[in-house]
Every structure is written in C-alpha cells, then in structure tokens.
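In what follows, a structure is listed as structure tokens, so that the remarks can point back to it.
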Amino acid sequence: MKISILTPTYNRANFLKQLYDSIIENVEQNVKIEWLIMDDGSTDRTRKIVEDFTKQNKIEIKYYYQENQGKMVAINQLVKEATGDMIVDCDSDDYFAKNAFTMIKEQWEKNKHRKDVYGICFLKYNTKGKNMGNEFKKSETTMFDLYFKEEETGEKAVVFFCEVRKKFQHELEKNERFITEARMYHKMDEHYKIIGVNQPIMICEYQEQGYTSNITKQFKENPYGYYEYFKEILQKDFKGIPFTKRLYVIKHYILFSYLTKQYQSKSIKNRMNKVLYYSLLLPGMIKSEKFITI
C-alpha cells in the first residue's frame with residue numbers, strides 16, 4: 001500500500017529535517033511513501049533543503065511552489081496530486097511517531113473494503129509523550145459526534161482513504177486564507193464515519209507563530225469562514241449535545257455574526273438554541289466589540 005504525506009510549509013526550513021528523518025525511520029518494505037510538499041511562498045532555505053532530501057533518493061518527494069495563499073489552499077492543491085491509498089496531512093513542525101506507518105497499514109488492511117468510512121483517526125502526542133486529548137470512547141464515530149457529543153477536546157491525526165478524500169476540499173470564503181479543518185470533516189460526516197484507534201502516529205509541537213497559538217488572529221482575519229462553519233453546526237440535530245457545547249456554538253455564532261455583520265436566526269433549527277441566541281445576542285455583541293480591540 002502507499003501513503004501520501006501532505007505538508008504545507010511557509011518559512012519552516014529549520015523544522016523540515018525532523019519530519020524528514022521521522023519519515024525515513026518509519027519506511028518499511030511493504031509501505032510505499034510519497035511526500036508532497038507545498039512551499040507557500042517561503043523566503044528562507046526551504047527549496048534548497050527539500051532539494052537535498054530529494055538527492056538522497058530514499059523516498060519519493062514531490063515539491064511544489066505557490067505564491068503565499070495560505071495553508072488550506074496549499075492542502076487543496078496537494079490532495080489533487082496525491083496518488084496513495086491513504087492520505088495524511090503533517091505540518092512542517094510535526095513529525096511521525098515510531099511505527100506510525102505500520103499502524104496505518106494495519107488499519108488499511110482491516111478496513112480497505114469498507115465504503116462507509118472516510119478515515120482512520122489516531123492519537124497525537126506532544127513532545128513530552130502526553131496525549132493531546134482524550135482516548136476514543138467509541139471505535140466508530142463521526143468527527144462531529146466526537147467533539148460535540150463525546151466531549152473530546154484535543155487534537156487527533158486523521159488518515160484518509162484517498163478515494164474519499166479527493167471528493168472534498170477546504171472551503172474558503174471571500175478570499176480568506178484559513179478555515180478550521182472541522183468544517184470539511186462535518187461535510188464528510190454526512191456520508192461516512194471514522195474509525196478511532198487509541199495509538200499515536202504523530203508528535204506535535206506548536207510553534208509561537210503557529211495557527212493554534214494565534215487563534216484570536218485567525219478569527220479576526222477569517223470571520224466569514226467561521227461564520228459559515230458555526231451556521232452549519234446550528235443546522236444540525238443537537239440531540240445528545242451537552243449544554244456547555246450549545247453555549248460554545250451560540251457564543252461563537254454571535255461573535256462571527258457581529259464580525260461579518262450577518263445576523264440570521266433562521267439558520268438556527270433547534271428551539272432551545274434559538275432561545276439561547278436571542279438571550280445572549282445583546283451581551284454577545286458587547287463582548288464582540290471588546291474582542292475587536294484585543
């Protein structure tokens with residue numbers, strides 16, 4: 001079987017060797033690897049470092065370059081080029097755990113004939129060896145249920161079946177450059193499930209300039225995509241969703257309604273959610289005004 005590793009990168013040349021080394025350490029005879037790298041307009045030594053990796057001829061490397069358009073556009077382009085049986089995104093400052101590809105292959109062998117599954121969801125560990133979230137409560141679920149009903153809070157590493165993954169892309173609004181991966185996951189959830197495996201395949205170390213540490217900045221720069229994301233959530237069945245999660249969704253919907261100047265209560269299907277929306281609208285707008293000044 002073949003795994004396509006997708007890495008969008010921007011001025012992260014110093015981190016690529018760690019990822020490269022982890023790929024080489026994981027390579028085994030019965031697993032083919034292609035590493036697809038999208039250089040999102042880097043001005044550092046990214047191209048030269050990738051050329052050095054390629055000259056070693058240890059794995060198949062495909063290097064692409066685009067003028068800076070953001071991570072999600074980069075991934076969308078790389079998905080089109082992927083030729084593996086499975087696809088996994090790996091940021092340039094992350095790397096693979098020991099035996100990651102063996103675990104991926106084992107799950108592929110078990111589930112390759114299933115038509116109701118879009119991916120295998122593994123754990124992510126931090127550099128201190130700690131799980132970045134909770135273990136799976138169910139062996140099969142959806143990403144929506146996982147985070148909104150099963151109360152998962154941490155990050156996971158999703159390995160997609162290539163045939164299914166190519167049917168979807170990250171949807172961006174009004175030339176924005178970022179949107180949470182969850183928006184695409186929820187679209188996939190409408191047709192497929194994921195399989196949860198309580199084993200880590202990826203080690204994650206967030207950088208100071210990374211997306212996660214700058215979530216406030218991301219919210220401000222990409223409000224239309226987040227507005228659509230929370231609007232889509234409010235059109236779902238909320239049966240089984242804890243009250244705290246309802247509040248989370250309503251508060252963020254109000255925030256992005258304020259940032260985009262779009263107020264659509266018609267999008268809210270659930271009666272309790274509508275009551276919460278109208279109850280929190282005014283204080284939410286006041287708080288949103290303060291958010292702009294942060």
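Ordering of the structure tokens sets the chain letters (A, B, ...); residue numbers start at 1 within each chain; ligands are numbered from 1 in the order shown.
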task: List every residue of stretch 25-255 of chain A that DSSP, applied to the backbone of this structure, places in helix (DSSP H, G or I), and write the result as a VMD selection string.
output: chain A and resid 25 to 26 46 to 56 71 to 81 100 to 111 143 to 148 162 to 165 181 to 189 212 to 221 223 to 233 243 to 255
Just the selected residues (C-alpha atoms), exported as a PDB file, in the first residue's frame, please.
```
ATOM      1  CA  GLU A  25      12.831   5.967  10.175  1.00  0.00           C
ATOM      2  CA  ASN A  26       9.299   4.691   9.516  1.00  0.00           C
ATOM      3  CA  THR A  46      13.031  25.636   2.120  1.00  0.00           C
ATOM      4  CA  ARG A  47      13.600  24.839  -1.566  1.00  0.00           C
ATOM      5  CA  LYS A  48      17.309  24.071  -1.045  1.00  0.00           C
ATOM      6  CA  ILE A  49      16.646  21.780   1.913  1.00  0.00           C
ATOM      7  CA  VAL A  50      13.985  19.842   0.009  1.00  0.00           C
ATOM      8  CA  GLU A  51      16.383  19.502  -2.927  1.00  0.00           C
ATOM      9  CA  ASP A  52      18.957  17.994  -0.556  1.00  0.00           C
ATOM     10  CA  PHE A  53      16.381  15.474   0.691  1.00  0.00           C
ATOM     11  CA  THR A  54      15.444  14.579  -2.876  1.00  0.00           C
ATOM     12  CA  LYS A  55      19.080  13.947  -3.855  1.00  0.00           C
ATOM     13  CA  GLN A  56      19.327  11.280  -1.158  1.00  0.00           C
ATOM     14  CA  LYS A  71      -2.344  26.511   4.405  1.00  0.00           C
ATOM     15  CA  MET A  72      -5.787  25.446   3.214  1.00  0.00           C
ATOM     16  CA  VAL A  73      -5.205  26.339  -0.440  1.00  0.00           C
ATOM     17  CA  ALA A  74      -1.888  24.500  -0.232  1.00  0.00           C
ATOM     18  CA  ILE A  75      -3.572  21.343   1.080  1.00  0.00           C
ATOM     19  CA  ASN A  76      -6.343  21.554  -1.509  1.00  0.00           C
ATOM     20  CA  GLN A  77      -3.709  21.585  -4.253  1.00  0.00           C
ATOM     21  CA  LEU A  78      -1.695  18.739  -2.754  1.00  0.00           C
ATOM     22  CA  VAL A  79      -4.747  16.492  -2.427  1.00  0.00           C
ATOM     23  CA  LYS A  80      -5.199  16.726  -6.199  1.00  0.00           C
ATOM     24  CA  GLU A  81      -1.643  15.447  -6.710  1.00  0.00           C
ATOM     25  CA  ALA A 100       3.329   5.102  12.549  1.00  0.00           C
ATOM     26  CA  PHE A 101       3.254   3.673   9.041  1.00  0.00           C
ATOM     27  CA  THR A 102       2.947   0.111  10.337  1.00  0.00           C
ATOM     28  CA  MET A 103      -0.131   1.135  12.339  1.00  0.00           C
ATOM     29  CA  ILE A 104      -1.613   2.915   9.327  1.00  0.00           C
ATOM     30  CA  LYS A 105      -1.039  -0.133   7.126  1.00  0.00           C
ATOM     31  CA  GLU A 106      -2.654  -2.457   9.676  1.00  0.00           C
ATOM     32  CA  GLN A 107      -5.796  -0.326   9.749  1.00  0.00           C
ATOM     33  CA  TRP A 108      -5.832  -0.026   5.968  1.00  0.00           C
ATOM     34  CA  GLU A 109      -5.719  -3.814   5.635  1.00  0.00           C
ATOM     35  CA  LYS A 110      -8.627  -4.182   8.078  1.00  0.00           C
ATOM     36  CA  ASN A 111     -10.843  -1.509   6.531  1.00  0.00           C
ATOM     37  CA  MET A 143     -15.814  13.935  13.949  1.00  0.00           C
ATOM     38  CA  PHE A 144     -18.904  15.963  14.852  1.00  0.00           C
ATOM     39  CA  ASP A 145     -20.066  13.449  17.438  1.00  0.00           C
ATOM     40  CA  LEU A 146     -16.525  13.041  18.746  1.00  0.00           C
ATOM     41  CA  TYR A 147     -16.148  16.711  19.636  1.00  0.00           C
ATOM     42  CA  PHE A 148     -19.724  17.779  20.268  1.00  0.00           C
ATOM     43  CA  CYS A 162      -7.635   8.691  -0.791  1.00  0.00           C
ATOM     44  CA  GLU A 163     -10.669   7.921  -2.951  1.00  0.00           C
ATOM     45  CA  VAL A 164     -12.988   9.587  -0.449  1.00  0.00           C
ATOM     46  CA  ARG A 165     -10.676  12.474   0.489  1.00  0.00           C
ATOM     47  CA  GLU A 181     -10.469  21.536   9.216  1.00  0.00           C
ATOM     48  CA  ALA A 182     -13.633  20.627  11.124  1.00  0.00           C
ATOM     49  CA  ARG A 183     -15.793  22.335   8.510  1.00  0.00           C
ATOM     50  CA  MET A 184     -14.696  19.782   5.919  1.00  0.00           C
ATOM     51  CA  TYR A 185     -14.880  16.926   8.427  1.00  0.00           C
ATOM     52  CA  HIS A 186     -18.519  17.731   9.162  1.00  0.00           C
ATOM     53  CA  LYS A 187     -19.346  17.570   5.449  1.00  0.00           C
ATOM     54  CA  MET A 188     -17.665  14.161   5.287  1.00  0.00           C
ATOM     55  CA  ASP A 189     -19.588  13.055   8.391  1.00  0.00           C
ATOM     56  CA  THR A 212      -3.283  27.249  17.110  1.00  0.00           C
ATOM     57  CA  SER A 213      -1.367  29.750  19.243  1.00  0.00           C
ATOM     58  CA  ASN A 214      -2.803  32.587  17.150  1.00  0.00           C
ATOM     59  CA  ILE A 215      -6.458  31.598  17.182  1.00  0.00           C
ATOM     60  CA  THR A 216      -7.599  35.142  18.007  1.00  0.00           C
ATOM     61  CA  LYS A 217      -5.710  36.428  14.979  1.00  0.00           C
ATOM     62  CA  GLN A 218      -7.248  33.703  12.831  1.00  0.00           C
ATOM     63  CA  PHE A 219     -10.747  34.590  14.000  1.00  0.00           C
ATOM     64  CA  LYS A 220     -10.273  38.234  13.075  1.00  0.00           C
ATOM     65  CA  GLU A 221      -8.704  37.562   9.692  1.00  0.00           C
ATOM     66  CA  PRO A 223     -14.536  35.681  10.086  1.00  0.00           C
ATOM     67  CA  TYR A 224     -16.674  34.706   7.075  1.00  0.00           C
ATOM     68  CA  GLY A 225     -15.447  31.119   7.009  1.00  0.00           C
ATOM     69  CA  TYR A 226     -16.001  30.723  10.732  1.00  0.00           C
ATOM     70  CA  TYR A 227     -19.429  32.318  10.435  1.00  0.00           C
ATOM     71  CA  GLU A 228     -20.415  29.708   7.849  1.00  0.00           C
ATOM     72  CA  TYR A 229     -18.898  26.947   9.983  1.00  0.00           C
ATOM     73  CA  PHE A 230     -20.958  27.793  13.069  1.00  0.00           C
ATOM     74  CA  LYS A 231     -24.061  28.458  10.978  1.00  0.00           C
ATOM     75  CA  GLU A 232     -23.746  24.961   9.529  1.00  0.00           C
ATOM     76  CA  ILE A 233     -23.417  23.488  13.015  1.00  0.00           C
ATOM     77  CA  PHE A 243     -25.423  22.398  27.299  1.00  0.00           C
ATOM     78  CA  THR A 244     -21.856  23.699  27.503  1.00  0.00           C
ATOM     79  CA  LYS A 245     -21.322  22.840  23.844  1.00  0.00           C
ATOM     80  CA  ARG A 246     -24.558  24.588  22.887  1.00  0.00           C
ATOM     81  CA  LEU A 247     -23.289  27.716  24.623  1.00  0.00           C
ATOM     82  CA  TYR A 248     -19.955  27.431  22.871  1.00  0.00           C
ATOM     83  CA  VAL A 249     -21.592  27.286  19.454  1.00  0.00           C
ATOM     84  CA  ILE A 250     -24.113  30.096  20.124  1.00  0.00           C
ATOM     85  CA  LYS A 251     -21.472  32.444  21.558  1.00  0.00           C
ATOM     86  CA  HIS A 252     -19.197  31.943  18.584  1.00  0.00           C
ATOM     87  CA  TYR A 253     -22.060  32.293  16.127  1.00  0.00           C
ATOM     88  CA  ILE A 254     -22.879  35.660  17.675  1.00  0.00           C
ATOM     89  CA  LEU A 255     -19.218  36.695  17.572  1.00  0.00           C
TER      90      LEU A 255
END
```
message: Under the rule that only C-alpha atoms are counted, which of A:Phe291, A:Phe168, A:Tyr125, A:Tyr63 is the nearest residue to A:Asp94?
response: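 Closest to A:Asp94, using only C-alpha atoms: A:Tyr125.
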Residues near A:Lys115, cut-off 12 Å, only C-alpha atoms, skip fewer than 2 positions along chain, as a list in words: Asn111, Lys112, His113, Val117, Tyr118, Gly119, Phe161, Glu163, Val164, His191, Tyr192, Lys193 and Ile194 of chain A
message: According to DSSP computed on the backbone, where in stretch 28-187 of chain A is there strand (DSSP E or B)? Give the residues as a PyMOL selection string.
response: chain A and resi 32-39+60-65+86-89+94-96+117-126+131+140-141+156-161
- prompt: Which is closest to A:Phe96 among A:Tyr65, A:Phe160, A:Phe178, A:Tyr20, if we use only C-alpha atoms?
  reply: A:Tyr20
- request: Could you tell me which of A:Lys239, A:Lys156, A:Lys266, A:Arg271 comes closest to A:Asn134 if we count only C-alpha atoms?
  value: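 Closest residue, counting only C-alpha atoms: A:Lys156.
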With a distance cut-off of 7 Å and only C-alpha atoms, select the neighbouring residues of A:Trp35, excluding the residue or stretch itself and same-chain residues fewer than 6 positions from it, and output the selection as a CSV table (one decimal) with N, CA and C atoms, in the first residue's frame.
```csv
chain,number,residue,atom,x,y,z
A,4,SER,N,0.3,8.8,1.1
A,4,SER,CA,0.7,10.2,0.6
A,4,SER,C,0.7,11.1,1.8
A,5,ILE,N,1.9,11.7,2.1
A,5,ILE,CA,2.0,12.6,3.2
A,5,ILE,C,2.0,14.0,2.6
A,6,LEU,N,1.1,14.9,3.1
A,6,LEU,CA,0.9,16.2,2.6
A,6,LEU,C,1.4,17.2,3.6
A,60,GLU,N,10.1,9.0,-2.3
A,60,GLU,CA,9.6,9.8,-3.4
A,60,GLU,C,9.2,11.2,-2.8
A,61,ILE,N,9.7,12.3,-3.3
A,61,ILE,CA,9.4,13.6,-2.8
A,61,ILE,C,8.9,14.4,-4.0
A,62,LYS,N,7.8,15.1,-3.8
A,62,LYS,CA,7.3,16.0,-4.9
A,62,LYS,C,7.2,17.4,-4.3
```
- prompt: Distance atom CA of A:Glu67-atom CA of A:Lys17, one decimal place?
  reply: 22.8 Å
task: Counting only C-alpha atoms, figure out which residue out of A:Leu259, A:Met272, A:Leu36, A:Ile3 gets nearest to A:Phe238.
output: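 Ranked by minimum distance to A:Phe238, first place goes to A:Met272.
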message: Give me, as a ChimeraX atom specification, all polymer residues having an atom no more than 6 Å from stretch 39-43 of chain A, counting only C-alpha atoms and skipping those fewer than 6 positions away in the same chain.
response: /A:9-11,65-68
